[in-house]
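Below is start.cif, which holds mmCIF, C-alpha atoms.
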```
data_data
#
loop_
_atom_site.label_atom_id
_atom_site.label_comp_id
_atom_site.auth_asym_id
_atom_site.auth_seq_id
_atom_site.Cartn_x
_atom_site.Cartn_y
_atom_site.Cartn_z
CA MET A 24 185.71 76.99 139.71
CA THR A 25 182.02 77.36 139.18
CA GLN A 26 180.39 75.64 136.26
CA PRO A 27 178.71 77.93 133.74
CA SER A 28 174.95 77.75 133.84
CA THR A 29 173.00 76.41 130.93
CA ALA A 30 171.59 79.84 130.24
CA ASP A 31 175.17 81.20 129.87
CA LEU A 32 176.20 78.66 127.25
CA PRO A 33 176.29 80.09 123.76
CA GLY A 34 173.56 78.93 121.43
CA GLN A 35 171.46 77.44 124.23
CA GLU A 36 169.28 80.38 125.09
CA ASN A 37 166.36 79.34 122.81
CA HIS A 38 166.36 75.61 123.55
CA PHE A 39 163.91 75.75 126.45
CA PRO A 40 160.18 76.48 126.10
CA PRO A 41 158.98 79.72 127.62
CA ARG A 42 157.35 79.56 130.99
CA VAL A 43 153.58 79.63 131.00
CA ARG A 44 152.30 82.93 132.24
CA LYS A 45 149.82 82.90 135.05
CA ASP A 46 147.39 85.13 133.09
CA SER A 47 146.96 82.70 130.16
CA ALA A 48 143.57 81.94 128.59
CA TRP A 49 143.07 79.02 130.94
CA SER A 50 143.54 81.14 134.01
CA ARG A 51 141.42 84.12 132.90
CA PRO A 52 137.85 84.22 134.25
CA PRO A 53 135.23 82.98 131.70
CA TRP A 54 133.62 86.40 131.26
CA ALA A 55 131.18 85.25 128.58
CA PHE A 56 129.85 82.49 130.80
CA ILE A 57 129.61 84.82 133.79
CA ALA A 58 127.72 87.37 131.69
CA LEU A 59 125.29 84.69 130.47
CA VAL A 60 124.63 83.49 134.00
CA GLY A 61 124.06 87.08 135.07
CA LEU A 62 121.55 87.66 132.29
CA LEU A 63 119.70 84.49 133.24
CA VAL A 64 119.52 85.54 136.88
CA VAL A 65 118.28 89.01 135.99
CA GLY A 66 115.79 87.57 133.51
CA ARG A 67 114.49 85.18 136.14
CA PHE A 68 113.33 88.07 138.30
CA VAL A 69 112.63 90.75 135.67
CA LEU A 70 111.04 88.79 132.79
CA ALA A 71 109.33 85.97 134.69
CA PRO A 72 106.17 88.00 135.47
CA TYR A 73 105.76 88.79 131.76
CA LEU A 74 106.39 85.21 130.63
CA THR A 75 103.62 83.95 132.88
CA ALA A 76 101.16 86.65 131.83
CA PRO A 77 97.95 85.35 130.18
CA ALA A 78 98.59 87.41 127.03
CA PHE A 79 102.02 85.86 126.49
CA GLN A 80 100.72 82.37 127.19
CA THR A 81 97.97 82.92 124.61
CA TRP A 82 100.54 84.20 122.12
CA ALA A 83 102.78 81.17 122.68
CA THR A 84 99.84 78.77 122.39
CA VAL A 85 98.67 80.26 119.08
CA PHE A 86 102.20 80.34 117.66
CA VAL A 87 102.88 76.70 118.54
CA ALA A 88 99.41 75.63 117.34
CA VAL A 89 99.86 77.26 113.93
CA CYS A 90 103.30 75.69 113.47
CA VAL A 91 102.20 72.25 114.69
CA GLN A 92 99.10 72.31 112.49
CA ALA A 93 100.93 73.44 109.39
CA LEU A 94 104.28 71.63 109.60
CA PRO A 95 103.07 68.08 108.73
CA PHE A 96 101.21 69.37 105.69
CA LEU A 97 104.15 71.54 104.69
CA VAL A 98 106.42 68.49 104.79
CA PHE A 99 103.84 66.51 102.81
CA GLY A 100 103.60 69.25 100.20
CA VAL A 101 107.37 69.62 99.95
CA ALA A 102 107.77 65.85 99.54
CA LEU A 103 105.09 65.76 96.85
CA SER A 104 106.64 68.71 95.06
CA ALA A 105 110.08 67.08 95.15
CA ALA A 106 108.59 63.83 93.84
CA ILE A 107 106.97 65.72 90.96
CA THR A 108 110.30 67.36 90.18
CA ALA A 109 112.38 64.17 90.34
CA PHE A 110 110.12 61.38 89.10
CA VAL A 111 107.39 62.86 86.87
CA PRO A 112 108.56 63.75 83.37
CA ALA A 113 107.51 67.10 81.97
CA SER A 114 105.81 65.38 79.06
CA PHE A 115 103.20 63.92 81.45
CA TRP A 116 101.71 67.33 82.19
CA THR A 117 101.49 68.28 78.53
CA ARG A 118 99.41 65.14 77.99
CA ALA A 119 97.30 65.41 81.17
CA LEU A 120 96.26 69.06 80.79
CA PRO A 121 94.82 70.81 77.76
CA GLN A 122 97.23 72.91 75.75
CA HIS A 123 94.95 75.93 75.96
CA THR A 124 95.54 77.73 79.25
CA TYR A 125 91.93 78.81 79.74
CA ALA A 126 90.79 75.19 79.41
CA ALA A 127 93.55 73.91 81.70
CA VAL A 128 92.59 76.24 84.57
CA PRO A 129 89.24 74.63 85.58
CA ILE A 130 90.67 71.11 85.15
CA ALA A 131 93.59 71.97 87.44
CA GLY A 132 91.15 73.49 89.93
CA VAL A 133 89.01 70.33 90.02
CA ALA A 134 92.18 68.25 90.37
CA GLY A 135 92.77 69.99 93.68
CA ALA A 136 89.88 67.98 95.12
CA VAL A 137 91.94 64.79 95.12
CA LEU A 138 94.86 66.08 97.23
CA PRO A 139 94.25 66.09 101.00
CA GLY A 140 96.23 68.83 102.67
CA CYS A 141 96.15 72.42 103.83
CA GLU A 142 97.33 75.59 102.15
CA CYS A 143 100.91 75.07 103.37
CA ALA A 144 101.19 71.99 101.14
CA SER A 145 99.68 73.66 98.08
CA VAL A 146 102.41 76.29 97.64
CA PRO A 147 105.37 73.92 97.10
CA VAL A 148 103.19 71.61 94.98
CA ALA A 149 102.16 74.50 92.72
CA SER A 150 105.79 75.54 92.44
CA GLY A 151 106.72 71.99 91.46
CA LEU A 152 103.97 71.92 88.82
CA MET A 153 105.25 75.13 87.27
CA ALA A 154 108.78 73.77 87.24
CA ARG A 155 107.55 70.77 85.25
CA GLY A 156 105.88 72.84 82.56
CA VAL A 157 102.35 73.46 83.86
CA ALA A 158 101.04 76.89 82.88
CA PRO A 159 101.19 79.28 85.89
CA PRO A 160 97.43 80.14 85.77
CA ALA A 161 96.55 76.43 85.99
CA ALA A 162 99.04 75.86 88.82
CA LEU A 163 97.59 78.86 90.69
CA ALA A 164 94.07 77.48 90.30
CA PHE A 165 95.31 74.23 91.82
CA LEU A 166 97.04 76.17 94.62
CA LEU A 167 93.78 77.88 95.63
CA ALA A 168 91.41 74.94 95.16
CA SER A 169 93.40 72.13 96.77
CA PRO A 170 93.20 73.25 100.42
CA ALA A 171 89.55 74.33 100.12
CA ILE A 172 87.72 71.53 98.28
CA ASN A 173 89.63 68.35 99.11
CA PRO A 174 87.66 65.50 100.75
CA VAL A 175 89.13 65.97 104.23
CA VAL A 176 88.06 69.62 104.34
CA LEU A 177 84.56 68.89 103.03
CA VAL A 178 84.01 66.08 105.54
CA ALA A 179 85.22 68.32 108.37
CA THR A 180 82.80 71.02 107.22
CA ALA A 181 79.93 68.54 107.19
CA VAL A 182 80.78 67.44 110.74
CA ALA A 183 81.05 71.05 111.96
CA PHE A 184 77.68 71.96 110.40
CA PRO A 185 75.66 68.74 110.88
CA ASN A 186 72.29 70.42 110.38
CA ASP A 187 73.31 72.61 107.46
CA PRO A 188 74.49 70.52 104.47
CA SER A 189 74.12 73.56 102.24
CA MET A 190 77.24 75.00 103.88
CA VAL A 191 79.31 72.15 102.39
CA ALA A 192 77.89 72.76 98.92
CA ALA A 193 78.35 76.52 99.24
CA ARG A 194 81.96 76.14 100.36
CA PHE A 195 82.80 73.77 97.52
CA ALA A 196 81.12 75.90 94.84
CA ALA A 197 82.46 79.24 96.08
CA SER A 198 86.04 77.99 96.58
CA LEU A 199 86.21 76.34 93.17
CA ALA A 200 84.74 79.44 91.52
CA VAL A 201 87.35 81.68 93.16
CA ALA A 202 90.18 79.37 92.09
CA VAL A 203 89.03 79.25 88.47
CA LEU A 204 88.33 82.99 88.26
CA ALA A 205 91.73 83.83 89.75
CA GLY A 206 93.43 81.53 87.25
CA TRP A 207 91.58 83.05 84.30
CA ILE A 208 92.27 86.61 85.43
CA TRP A 209 95.96 85.84 85.87
CA ALA A 210 96.01 84.23 82.41
CA ARG A 211 94.56 87.41 80.96
CA PHE A 212 96.44 90.10 82.87
CA GLY A 213 99.42 88.38 84.52
CA ARG A 214 102.94 89.04 83.27
CA GLY A 215 105.92 86.76 83.18
CA GLU A 216 108.14 89.10 85.18
CA TRP A 217 105.64 89.05 88.04
CA LEU A 218 105.86 85.26 88.38
CA PRO A 219 109.14 83.81 87.10
CA THR A 220 108.68 80.11 86.36
CA PRO A 221 110.59 77.99 88.90
CA ARG A 222 113.29 75.87 87.33
CA ARG A 223 114.50 72.72 89.03
CA THR A 224 116.73 70.50 86.95
CA ALA A 225 118.77 67.60 88.21
CA GLU A 226 122.54 67.90 87.99
CA ALA A 227 124.34 65.89 85.34
CA GLY A 228 124.69 62.29 86.47
CA GLN A 229 122.48 62.81 89.54
CA SER A 230 120.10 59.98 90.34
CA LYS A 231 116.39 60.57 90.75
CA VAL A 232 116.57 59.72 94.43
CA ASN A 233 119.29 62.30 95.04
CA ALA A 234 117.37 64.85 92.98
CA PHE A 235 114.30 64.15 95.13
CA LEU A 236 116.25 64.57 98.39
CA ASP A 237 117.98 67.75 97.21
CA ALA A 238 114.70 69.34 96.08
CA MET A 239 112.93 68.38 99.31
CA ARG A 240 115.77 69.69 101.48
CA HIS A 241 115.90 72.99 99.60
CA ASP A 242 112.15 73.60 99.66
CA LEU A 243 111.70 72.58 103.30
CA MET A 244 114.44 74.89 104.55
CA HIS A 245 113.20 77.72 102.37
CA ALA A 246 109.49 77.44 103.15
CA GLY A 247 109.91 76.55 106.83
CA GLY A 248 111.35 79.96 107.69
CA PHE A 249 108.43 81.76 106.10
CA LEU A 250 106.01 79.51 107.93
CA VAL A 251 107.54 80.66 111.23
CA VAL A 252 107.25 84.31 110.14
CA GLY A 253 103.58 83.85 109.31
CA ALA A 254 102.92 82.05 112.59
CA LEU A 255 104.58 84.87 114.55
CA ALA A 256 102.38 87.47 112.83
CA ALA A 257 99.21 85.41 113.35
CA ALA A 258 99.95 84.86 117.06
CA THR A 259 100.67 88.55 117.63
CA LEU A 260 97.46 89.70 115.96
CA ASN A 261 95.44 87.08 117.87
CA VAL A 262 96.55 88.73 121.10
CA VAL A 263 96.30 92.34 119.95
CA ILE A 264 92.76 92.29 118.49
CA PRO A 265 90.10 92.46 121.27
CA ARG A 266 87.37 89.84 120.99
CA ALA A 267 84.74 92.42 121.99
CA TRP A 268 85.20 94.11 118.64
CA LEU A 269 83.88 91.02 116.86
CA THR A 270 80.62 90.79 118.78
CA THR A 271 79.96 94.48 118.16
CA VAL A 272 79.91 94.12 114.37
CA ALA A 273 78.26 90.68 114.18
CA GLY A 274 74.83 92.16 113.59
CA VAL A 275 75.80 94.40 110.65
CA PRO A 276 75.38 92.24 107.49
CA VAL A 277 78.03 93.60 105.13
CA VAL A 278 80.49 94.59 107.84
CA SER A 279 80.24 91.18 109.52
CA VAL A 280 81.25 89.46 106.28
CA LEU A 281 84.26 91.74 105.88
CA VAL A 282 85.24 91.28 109.52
CA LEU A 283 85.17 87.48 109.36
CA ALA A 284 87.09 87.57 106.08
CA LEU A 285 89.76 89.68 107.74
CA LEU A 286 89.69 87.43 110.79
CA ALA A 287 90.34 84.40 108.59
CA VAL A 288 93.44 86.12 107.21
CA LEU A 289 94.74 86.95 110.67
CA LEU A 290 93.99 83.68 112.49
CA SER A 291 95.71 81.51 109.84
CA ILE A 292 93.86 78.34 110.86
CA CYS A 293 94.53 75.18 108.88
CA SER A 294 91.73 74.40 106.44
CA GLU A 295 91.03 71.04 108.09
CA ALA A 296 90.10 72.82 111.34
CA ASP A 297 88.63 76.17 110.31
CA ALA A 298 85.06 74.84 109.93
CA PHE A 299 84.83 74.16 113.66
CA VAL A 300 85.96 77.70 114.43
CA ALA A 301 83.40 79.11 111.99
CA ALA A 302 80.63 77.01 113.55
CA SER A 303 81.48 78.44 116.97
CA LEU A 304 80.90 82.01 115.76
CA THR A 305 77.17 81.77 116.41
CA ALA A 306 76.59 85.53 116.44
CA PHE A 307 77.47 85.84 112.74
CA SER A 308 75.32 85.12 109.70
CA PRO A 309 75.81 82.03 107.49
CA THR A 310 77.18 84.25 104.71
CA ALA A 311 79.81 85.69 107.05
CA LYS A 312 80.78 82.17 108.14
CA LEU A 313 81.04 81.14 104.48
CA ALA A 314 83.38 84.06 103.80
CA PHE A 315 85.52 82.88 106.70
CA LEU A 316 85.71 79.38 105.18
CA VAL A 317 86.43 80.57 101.64
CA VAL A 318 89.01 83.25 102.48
CA GLY A 319 91.00 81.30 105.09
CA PRO A 320 92.49 78.54 102.89
CA MET A 321 93.33 81.04 100.13
CA VAL A 322 94.59 84.12 101.98
CA ASP A 323 96.13 83.99 105.44
CA LEU A 324 99.32 85.29 106.98
CA LYS A 325 101.35 82.11 106.81
CA LEU A 326 100.22 81.50 103.22
CA ILE A 327 101.17 85.06 102.25
CA ALA A 328 104.62 84.52 103.76
CA LEU A 329 105.03 81.21 101.93
CA GLN A 330 103.94 82.72 98.62
CA ALA A 331 106.34 85.63 99.03
CA GLY A 332 109.21 83.30 99.82
CA THR A 333 108.42 80.91 96.97
CA PHE A 334 107.22 83.17 94.15
CA GLY A 335 108.52 86.60 95.16
CA ARG A 336 106.99 89.81 96.44
CA ALA A 337 106.10 91.12 92.97
CA PHE A 338 103.70 88.21 92.59
CA THR A 339 102.39 88.20 96.14
CA TRP A 340 101.30 91.83 96.41
CA ARG A 341 99.30 91.43 93.20
CA PHE A 342 97.86 87.95 93.63
CA VAL A 343 96.84 88.20 97.30
CA PRO A 344 94.53 91.25 96.87
CA LEU A 345 93.03 89.68 93.74
CA THR A 346 92.27 86.45 95.60
CA LEU A 347 90.88 88.28 98.64
CA VAL A 348 88.50 90.44 96.59
CA LEU A 349 87.29 87.44 94.58
CA ALA A 350 86.80 85.33 97.72
CA ILE A 351 84.71 87.99 99.46
CA GLY A 352 82.65 88.78 96.35
CA VAL A 353 81.94 85.13 95.52
CA SER A 354 81.04 84.46 99.17
CA PHE A 355 78.38 87.17 99.01
CA VAL A 356 76.89 85.63 95.86
CA ALA A 357 77.09 82.02 97.08
CA GLY A 358 75.63 82.97 100.47
CA TRP A 359 72.70 84.70 98.80
CA ALA A 360 72.07 81.83 96.37
CA LEU A 361 72.75 78.73 98.48
CA LEU A 362 72.34 79.62 102.17
#
```

Could you take the file, read its structure, and then write that structure out as structure tokens?
Amino acid sequence: MTQPSTADLPGQENHFPPRVRKDSAWSRPPWAFIALVGLLVVGRFVLAPYLTAPAFQTWATVFVAVCVQALPFLVFGVALSAAITAFVPASFWTRALPQHTYAAVPIAGVAGAVLPGCECASVPVASGLMARGVAPPAALAFLLASPAINPVVLVATAVAFPNDPSMVAARFAASLAVAVLAGWIWARFGRGEWLPTPRRTAEAGQSKVNAFLDAMRHDLMHAGGFLVVGALAAATLNVVIPRAWLTTVAGVPVVSVLVLALLAVLLSICSEADAFVAASLTAFSPTAKLAFLVVGPMVDLKLIALQAGTFGRAFTWRFVPLTLVLAIGVSFVAGWALL
């Protein structure tokens, strides 16, 4: 008599695990990996000629240069802003600056001379000042003056123009004048809804060190993305604009000033290095070079992106044209009077 199989016994049909099918996930071909390898192979033969083209190499060089130049100063500015938020009490600023906004603006502008750094550092610092109670017009004057009149920038300008000390004086005077005028104009015509005051308060029970780290982490992640956007735009425009156009307009006085002002916006060179670029533009007049030096630290693509990300677009599309017009106008006057 044959024994009944295990499968025929009642109640035993579900006691054994199902057999693994041959078409399980482990046995299916890794289509995603195969597709990626295929794209890499196609890109190797299709895109390689473009990646080695001189235009792309120039674009990549400018993009990396802008980011490498700006990132250390951005980190420095973010760290300083976080330190202001975490460690400096708001009452300090009410004692250090005059209560009257119009009097606080020039003092804040002159205070920018003591902070080495480029324009990337000035945006988070100005935001931190506003968060601690500094009037926005005074903080904006500091934002514009700091990257243009600090000692590192002035020494670099003197080295770049060794036989023209008047260029250093003209840059200092014109940049400080633009910063103060912009602060006063914003104090007179600016509205609160255009520039909401940043608020950074530590959480209940949070130590100052943790508040510092949280503020630095938040600002660095927020501002770093806009720095990359500005660097991408600057690199693209560096490749697109033909250099022959510049030499054509160098001999036209008013147009040459406007062209170098626009070039300063597009190139987005750090303020510690822009004097050497200006000195190399030998075909242009001293006034045009001065406009390049005054406009660059106050209005460039990466700075516009940082301002938009930090203060909002409603502020940026009003403040940037104001600063640009003031910088060009003051450069004309300072060039006529001092150069």

Next item on the list: For the structure provided, state which residues fall under the PyMOL selection byres ((chain A and resi 152-167) around 7), and present them as a PyMOL selection string.
Entry: chain A and resi 108+113+116+124+127-128+131-132+134-135+145-146+148-151+168-170+202-203+205-207+209-210+220-223+321

Next item on the list: Run the PyMOL selection byres ((chain A and resi 269-275) around 10) mentally over the shown coordinates, then write out the matched residues as JSON, numbers by chain, using the chain letters and numbers from the document.
Entry: {"A": [264, 265, 266, 267, 268, 276, 277, 278, 279, 280, 281, 282, 283, 286, 304, 305, 306, 307, 308, 311]}

Checklist line | Picked residues, the PyMOL selection byres ((chain A and resi 320) around 12), as a count of residues only | finding: 53

Could you write out as AutoDock Vina command-line options the box around segment 183-196 of chain A (axis-aligned, all atoms listed in the file, 4 Å on each side), with centre and edge lengths in Å to one decimal?
```
--center_x 77.5 --center_y 72.6 --center_z 103.4 --size_x 18.5 --size_y 15.8 --size_z 25.1
```

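Picture a line from atom CA of Asn233 of chain A to atom CA of Ala109 of chain A; it runs 8.6 Å.
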
Margin query: Using Å and a single decimal, report how far atom CA of Arg336 of chain A sits from atom CA of Val262 of chain A.
Written below: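 Here the two named atoms are 26.8 Å from each other.
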
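Using all atoms listed in the file, the nearest neighbour of Leu329 of chain A within the list A:Leu62, A:Val101, A:Ala119, A:Ala181 is A:Val101.
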